[in-house]
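Heads up, final_13.pdb below (PDB, C-alpha atoms):
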```pdb
ATOM      1  CA  MET G   1      18.919  -6.476  25.140
ATOM      2  CA  LYS G   2      20.346  -5.667  21.720
ATOM      3  CA  GLU G   3      23.719  -3.922  21.693
ATOM      4  CA  TYR G   4      23.942  -0.753  19.572
ATOM      5  CA  LEU G   5      27.135   0.974  18.436
ATOM      6  CA  ILE G   6      25.652   4.420  19.088
ATOM      7  CA  SER G   7      25.852   5.980  22.535
ATOM      8  CA  GLU G   8      22.706   6.657  24.519
ATOM      9  CA  GLU G   9      23.439  10.395  24.601
ATOM     10  CA  GLN G  10      23.951  10.556  20.842
ATOM     11  CA  SER G  11      20.813   8.517  20.142
ATOM     12  CA  ARG G  12      18.783  10.773  22.443
ATOM     13  CA  ALA G  13      20.180  13.898  20.729
ATOM     14  CA  TRP G  14      19.357  12.481  17.273
ATOM     15  CA  PHE G  15      15.823  11.652  18.319
ATOM     16  CA  GLU G  16      15.161  15.009  19.979
ATOM     17  CA  GLU G  17      16.515  16.958  17.017
ATOM     18  CA  HIS G  18      15.141  14.963  14.102
ATOM     19  CA  SER G  19      11.979  13.198  15.328
ATOM     20  CA  PRO G  20       9.619  16.117  14.544
ATOM     21  CA  TYR G  21      10.716  16.087  10.905
ATOM     22  CA  VAL G  22      10.619  12.307  10.629
ATOM     23  CA  TYR G  23       7.161  12.282  12.213
ATOM     24  CA  GLY G  24       5.982  15.063   9.914
ATOM     25  CA  ILE G  25       7.096  13.215   6.816
ATOM     26  CA  ALA G  26       5.511   9.982   8.003
ATOM     27  CA  LEU G  27       2.272  11.804   8.844
ATOM     28  CA  MET G  28       2.115  13.521   5.477
ATOM     29  CA  MET G  29       2.838  10.322   3.589
ATOM     30  CA  THR G  30       0.523   7.987   5.546
ATOM     31  CA  LYS G  31      -2.198  10.444   6.641
ATOM     32  CA  SER G  32      -2.384   8.571   9.944
ATOM     33  CA  ALA G  33      -1.049   9.767  13.288
ATOM     34  CA  MET G  34      -0.863   6.201  14.622
ATOM     35  CA  LEU G  35       1.166   4.994  11.649
ATOM     36  CA  ALA G  36       3.375   8.088  11.797
ATOM     37  CA  ASP G  37       4.181   7.347  15.462
ATOM     38  CA  ASP G  38       5.069   3.756  14.650
ATOM     39  CA  ILE G  39       7.160   4.747  11.630
ATOM     40  CA  THR G  40       9.039   7.372  13.648
ATOM     41  CA  GLN G  41       9.960   4.818  16.294
ATOM     42  CA  GLU G  42      10.923   2.180  13.737
ATOM     43  CA  THR G  43      12.972   4.691  11.745
ATOM     44  CA  PHE G  44      15.116   5.559  14.735
ATOM     45  CA  LEU G  45      15.472   1.937  15.829
ATOM     46  CA  ARG G  46      16.653   1.041  12.338
ATOM     47  CA  ALA G  47      19.009   4.037  12.278
ATOM     48  CA  TYR G  48      20.529   2.943  15.590
ATOM     49  CA  ARG G  49      20.944  -0.627  14.341
ATOM     50  CA  LYS G  50      22.522   0.591  11.101
ATOM     51  CA  PHE G  51      24.673   3.253  12.788
ATOM     52  CA  HIS G  52      27.824   1.500  11.587
ATOM     53  CA  LEU G  53      26.730   2.228   7.978
ATOM     54  CA  TYR G  54      26.326   5.976   8.555
ATOM     55  CA  ASP G  55      29.117   8.179   7.172
ATOM     56  CA  PRO G  56      29.650  11.041   9.668
ATOM     57  CA  ALA G  57      31.246  13.123   6.884
ATOM     58  CA  LYS G  58      27.800  13.391   5.262
ATOM     59  CA  PRO G  59      24.715  15.145   6.651
ATOM     60  CA  LEU G  60      22.511  13.026   8.885
ATOM     61  CA  ARG G  61      19.095  14.189   7.674
ATOM     62  CA  PRO G  62      19.191  12.731   4.142
ATOM     63  CA  TRP G  63      20.257   9.384   5.599
ATOM     64  CA  LEU G  64      17.435   9.472   8.172
ATOM     65  CA  TYR G  65      14.890  10.549   5.587
ATOM     66  CA  ARG G  66      15.889   7.706   3.293
ATOM     67  CA  ILE G  67      15.225   5.293   6.158
ATOM     68  CA  THR G  68      11.925   7.085   6.871
ATOM     69  CA  LEU G  69      10.764   6.838   3.266
ATOM     70  CA  ASN G  70      11.652   3.153   3.169
ATOM     71  CA  MET G  71       9.694   2.602   6.381
ATOM     72  CA  VAL G  72       6.700   4.530   4.984
ATOM     73  CA  ARG G  73       6.727   2.522   1.772
ATOM     74  CA  SER G  74       7.019  -0.746   3.666
ATOM     75  CA  THR G  75       4.215   0.201   6.040
ATOM     76  CA  LEU G  76       1.912   1.304   3.230
ATOM     77  CA  ARG G  77       2.641  -1.930   1.388
ATOM     78  CA  LYS G  78       1.671  -3.886   4.519
ATOM     79  CA  GLN G  79      -1.476  -1.760   4.899
ATOM     80  CA  ARG G  80      -2.513  -2.648   1.342
ATOM     81  CA  TRP G  81      -2.141  -6.329   2.168
ATOM     82  CA  LEU G  82      -4.101  -5.918   5.401
ATOM     83  CA  THR G  83      -6.833  -4.106   3.458
ATOM     84  CA  PHE G  84      -6.817  -6.871   0.871
ATOM     85  CA  PHE G  85      -7.351  -9.459   3.593
ATOM     86  CA  GLY G  86      -9.890  -7.298   5.433
ATOM     87  CA  GLN G  87      -7.783  -6.702   8.537
ATOM     88  CA  LEU G  88      -7.181  -2.959   8.405
ATOM     89  CA  PRO G  89      -6.450  -1.528  11.877
ATOM     90  CA  VAL G  90      -8.968   0.871  13.394
ATOM     91  CA  GLU G  91      -8.089   4.564  13.040
ATOM     92  CA  ALA G  92      -7.822   6.928  15.980
ATOM     93  CA  GLY G  93     -10.684   9.234  16.929
ATOM     94  CA  THR G  94     -11.295  12.667  15.494
ATOM     95  CA  ASP G  95      -9.015  14.407  18.007
ATOM     96  CA  SER G  96      -5.840  13.241  16.297
ATOM     97  CA  VAL G  97      -2.424  14.864  16.290
ATOM     98  CA  GLU G  98      -3.055  15.716  12.650
ATOM     99  CA  ASP G  99      -6.021  17.892  13.701
ATOM    100  CA  LEU G 100      -3.892  19.641  16.294
ATOM    101  CA  ILE G 101      -1.144  20.362  13.772
ATOM    102  CA  LEU G 102      -3.587  21.879  11.300
ATOM    103  CA  LYS G 103      -4.279  25.125  13.127
ATOM    104  CA  SER G 104      -6.320  27.018  10.591
ATOM    105  CA  GLU G 105      -8.900  26.209   7.953
ATOM    106  CA  SER G 106      -6.615  27.269   5.100
ATOM    107  CA  GLU G 107      -3.900  24.906   6.321
ATOM    108  CA  HIS G 108      -6.483  22.133   6.517
ATOM    109  CA  GLU G 109      -7.578  22.809   2.946
ATOM    110  CA  LEU G 110      -3.958  22.791   1.766
ATOM    111  CA  TRP G 111      -3.433  19.484   3.584
ATOM    112  CA  GLN G 112      -6.407  17.987   1.760
ATOM    113  CA  VAL G 113      -5.104  19.173  -1.609
ATOM    114  CA  VAL G 114      -1.597  17.810  -0.928
ATOM    115  CA  ASN G 115      -3.110  14.443   0.028
ATOM    116  CA  ARG G 116      -4.723  14.223  -3.395
ATOM    117  CA  LEU G 117      -1.296  14.222  -5.051
ATOM    118  CA  SER G 118       0.115  10.919  -6.220
ATOM    119  CA  PRO G 119       2.622   9.397  -3.765
ATOM    120  CA  LYS G 120       5.581  10.217  -6.025
ATOM    121  CA  ARG G 121       4.577  13.852  -6.423
ATOM    122  CA  ARG G 122       3.719  14.196  -2.734
ATOM    123  CA  GLU G 123       7.078  12.676  -1.785
ATOM    124  CA  VAL G 124       9.050  15.235  -3.817
ATOM    125  CA  LEU G 125       6.895  18.128  -2.626
ATOM    126  CA  ILE G 126       7.318  17.163   1.029
ATOM    127  CA  LEU G 127      11.071  16.668   0.759
ATOM    128  CA  VAL G 128      11.613  19.987  -1.021
ATOM    129  CA  TYR G 129       9.165  22.257   0.825
ATOM    130  CA  TYR G 130       8.639  20.632   4.213
ATOM    131  CA  VAL G 131      12.036  19.067   4.844
ATOM    132  CA  GLY G 132      13.892  21.786   2.948
ATOM    133  CA  LEU G 133      16.101  19.576   0.824
ATOM    134  CA  SER G 134      17.426  20.908  -2.454
ATOM    135  CA  LEU G 135      16.270  19.347  -5.709
ATOM    136  CA  GLN G 136      19.663  17.633  -6.056
ATOM    137  CA  GLU G 137      19.430  16.172  -2.530
ATOM    138  CA  THR G 138      15.845  15.076  -3.124
ATOM    139  CA  ALA G 139      16.747  13.386  -6.414
ATOM    140  CA  ALA G 140      19.685  11.603  -4.777
ATOM    141  CA  LEU G 141      17.568  10.538  -1.808
ATOM    142  CA  LEU G 142      14.852   9.084  -4.042
ATOM    143  CA  ASN G 143      17.344   7.555  -6.488
ATOM    144  CA  ILE G 144      15.850   9.412  -9.431
ATOM    145  CA  ARG G 145      17.348  11.763 -12.001
ATOM    146  CA  LEU G 146      17.341  15.483 -11.319
ATOM    147  CA  GLY G 147      15.100  16.071 -14.347
ATOM    148  CA  THR G 148      12.589  13.533 -13.046
ATOM    149  CA  CYS G 149      12.627  15.234  -9.663
ATOM    150  CA  LYS G 150      12.032  18.631 -11.274
ATOM    151  CA  SER G 151       9.196  17.321 -13.438
ATOM    152  CA  ARG G 152       7.473  15.660 -10.452
ATOM    153  CA  LEU G 153       7.752  18.865  -8.440
ATOM    154  CA  HIS G 154       6.466  20.918 -11.364
ATOM    155  CA  ALA G 155       3.552  18.513 -11.887
ATOM    156  CA  ALA G 156       2.727  18.591  -8.160
ATOM    157  CA  LEU G 157       2.737  22.387  -8.067
ATOM    158  CA  GLU G 158       0.656  22.552 -11.250
ATOM    159  CA  GLN G 159      -1.878  20.138  -9.745
ATOM    160  CA  LEU G 160      -2.002  22.212  -6.548
ATOM    161  CA  ARG G 161      -2.622  25.370  -8.590
ATOM    162  CA  ASN G 162      -5.371  23.691 -10.611
ATOM    163  CA  ASP G 163      -7.030  22.280  -7.482
ATOM    164  CA  GLU G 164      -6.849  25.719  -5.854
ATOM    165  CA  ALA G 165      -8.452  27.322  -8.937
ATOM    166  CA  GLU G 166     -11.238  24.701  -8.922
ATOM    167  CA  SER G 167     -11.796  25.254  -5.209
ATOM    168  CA  TYR G 168     -11.992  29.019  -5.726
ATOM    169  CA  GLN G 169     -14.501  28.580  -8.581
ATOM    170  CA  LEU G 170     -16.684  26.260  -6.485
ATOM    171  CA  THR G 171     -16.583  28.682  -3.553
ATOM    172  CA  SER G 172     -17.567  31.567  -5.854
ATOM    173  CA  ILE G 173     -20.473  29.545  -7.260
ATOM    174  CA  LYS G 174     -21.668  28.599  -3.745
ATOM    175  CA  GLU G 175     -21.503  32.212  -2.577
ATOM    176  CA  GLY G 176     -23.375  33.309  -5.700
ATOM    177  CA  LEU G 177     -26.230  30.931  -4.876
ATOM    178  CA  LYS G 178     -26.772  32.425  -1.399
TER     179      LYS G 178
END
```
Translate the structure described by the file into structure tokens.
Amino acid sequence: MKEYLISEEQSRAWFEEHSPYVYGIALMMTKSAMLADDITQETFLRAYRKFHLYDPAKPLRPWLYRITLNMVRSTLRKQRWLTFFGQLPVEAGTDSVEDLILKSESEHELWQVVNRLSPKRREVLILVYYVGLSLQETAALLNIRLGTCKSRLHAALEQLRNDEAESYQLTSIKEGLK
């Protein structure tokens, strides 16, 4: 068995405290509960292996989220290759964790709109609004300039507003036809 420098108690505490957020980010970025589960596990295994690189003077979450984002990107890259070679894994049934998380129809609609964002815009939006990182922390985590981070967030919010306006117009037209 591999020897880790982190204690079992500390690793358990990290997982219990941070796994819902790591899972949430992975789910939002991959849109797959199965992939999100795998990424969550791999993120924590990598964090435990790289524990010696963690600076306890700094907050843990940005470090964990950086690992999570790297795992998501790596997994999505692998998925593209599997798709290219025609070996995409089968998705779970309709009763997924994602469906359980989305409690109301409005949340489901918002989820669909967020999924239409480009990966870069979605990444910034998730880190700022879901994870609760500041713009400065988000920019540092993604290794981008603060201005770039702000412009991606602005573009994402603008796209969400436009999609919401289009959705409202379509709903009004449908109701008018009844």
Centre and edge lengths of an axis-aligned box around all listed atoms of range 44-53 of chain G, with 4 Å added on each side, are to be given in Å to one decimal, as JSON.
```
{"center_x": 21.5, "center_y": 2.5, "center_z": 11.9, "size_x": 20.7, "size_y": 14.2, "size_z": 15.9}
```
(request) Might you spell out which residues the PyMOL selection byres ((chain G and resi 6) around 9) would select in the displayed file, as JSON, numbers by chain? (result) {"G": [3, 4, 5, 7, 8, 9, 10, 11, 48, 49, 51, 52]}
(request) Using the chain letters and residue numbers of this document, give as an NGL selection string the residues selected by the PyMOL selection byres ((chain G and resi 13-19) around 10). (result) :G and (7-12 or 20-25 or 37 or 40-41 or 43-44 or 47-48 or 60-61 or 64-65)
(request) Please check which residues have atoms at most 12 Å from (16.8, 8.1, -5.1) in the file's coordinates, counting all atoms listed in the file, and write them as JSON, numbers by chain. (result) {"G": [62, 63, 65, 66, 67, 69, 70, 120, 123, 124, 127, 135, 136, 137, 138, 139, 140, 141, 142, 143, 144, 145, 146, 148, 149]}
(message) Ranking G:Val72, G:Met28, G:Met34, G:Leu45 by minimum distance to Val113 in chain G and counting only C-alpha atoms, which one comes first?
(response) G:Met28
(message) If I take CA of Thr30 in chain G and CA of Tyr129 in chain G, how far is one from the other in Å, to one decimal?
(response) 17.3 Å
(request) Can you work out which one of G:Ser151, G:Asn162, G:Gln79, G:Ser118 has the shortest atom-to-atom distance to Ser32 in chain G, counting all atoms listed in the file? (result)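 Nearest to Ser32 in chain G: G:Gln79.
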(request) Could you tell me how far CA of Thr68 in chain G lies from CA of Val114 in chain G, in Å and to one decimal? (result)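 These atoms are spaced 18.9 Å apart.
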For Gln159 in chain G, list every protein, DNA or RNA residue within 10 Å, evaluated using all atoms listed in the file, and leave out those in the same chain fewer than 6 positions away; present the list as a tab-separated table (two decimals) with C-alpha atoms, keeping the file's coordinate frame.
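Written file, out.tsv:
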```
chain	number	residue	atom	x	y	z
G	113	VAL	CA	-5.10	19.17	-1.61
G	114	VAL	CA	-1.60	17.81	-0.93
G	116	ARG	CA	-4.72	14.22	-3.40
G	117	LEU	CA	-1.30	14.22	-5.05
G	121	ARG	CA	4.58	13.85	-6.42
G	153	LEU	CA	7.75	18.86	-8.44
G	165	ALA	CA	-8.45	27.32	-8.94
```
(request) Quick one: pull the distance between CA of Leu53 in chain G and CA of Arg77 in chain G, Å, one decimal. (result)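 Going from CA of Leu53 in chain G over to CA of Arg77 in chain G, I get 25.3 Å.
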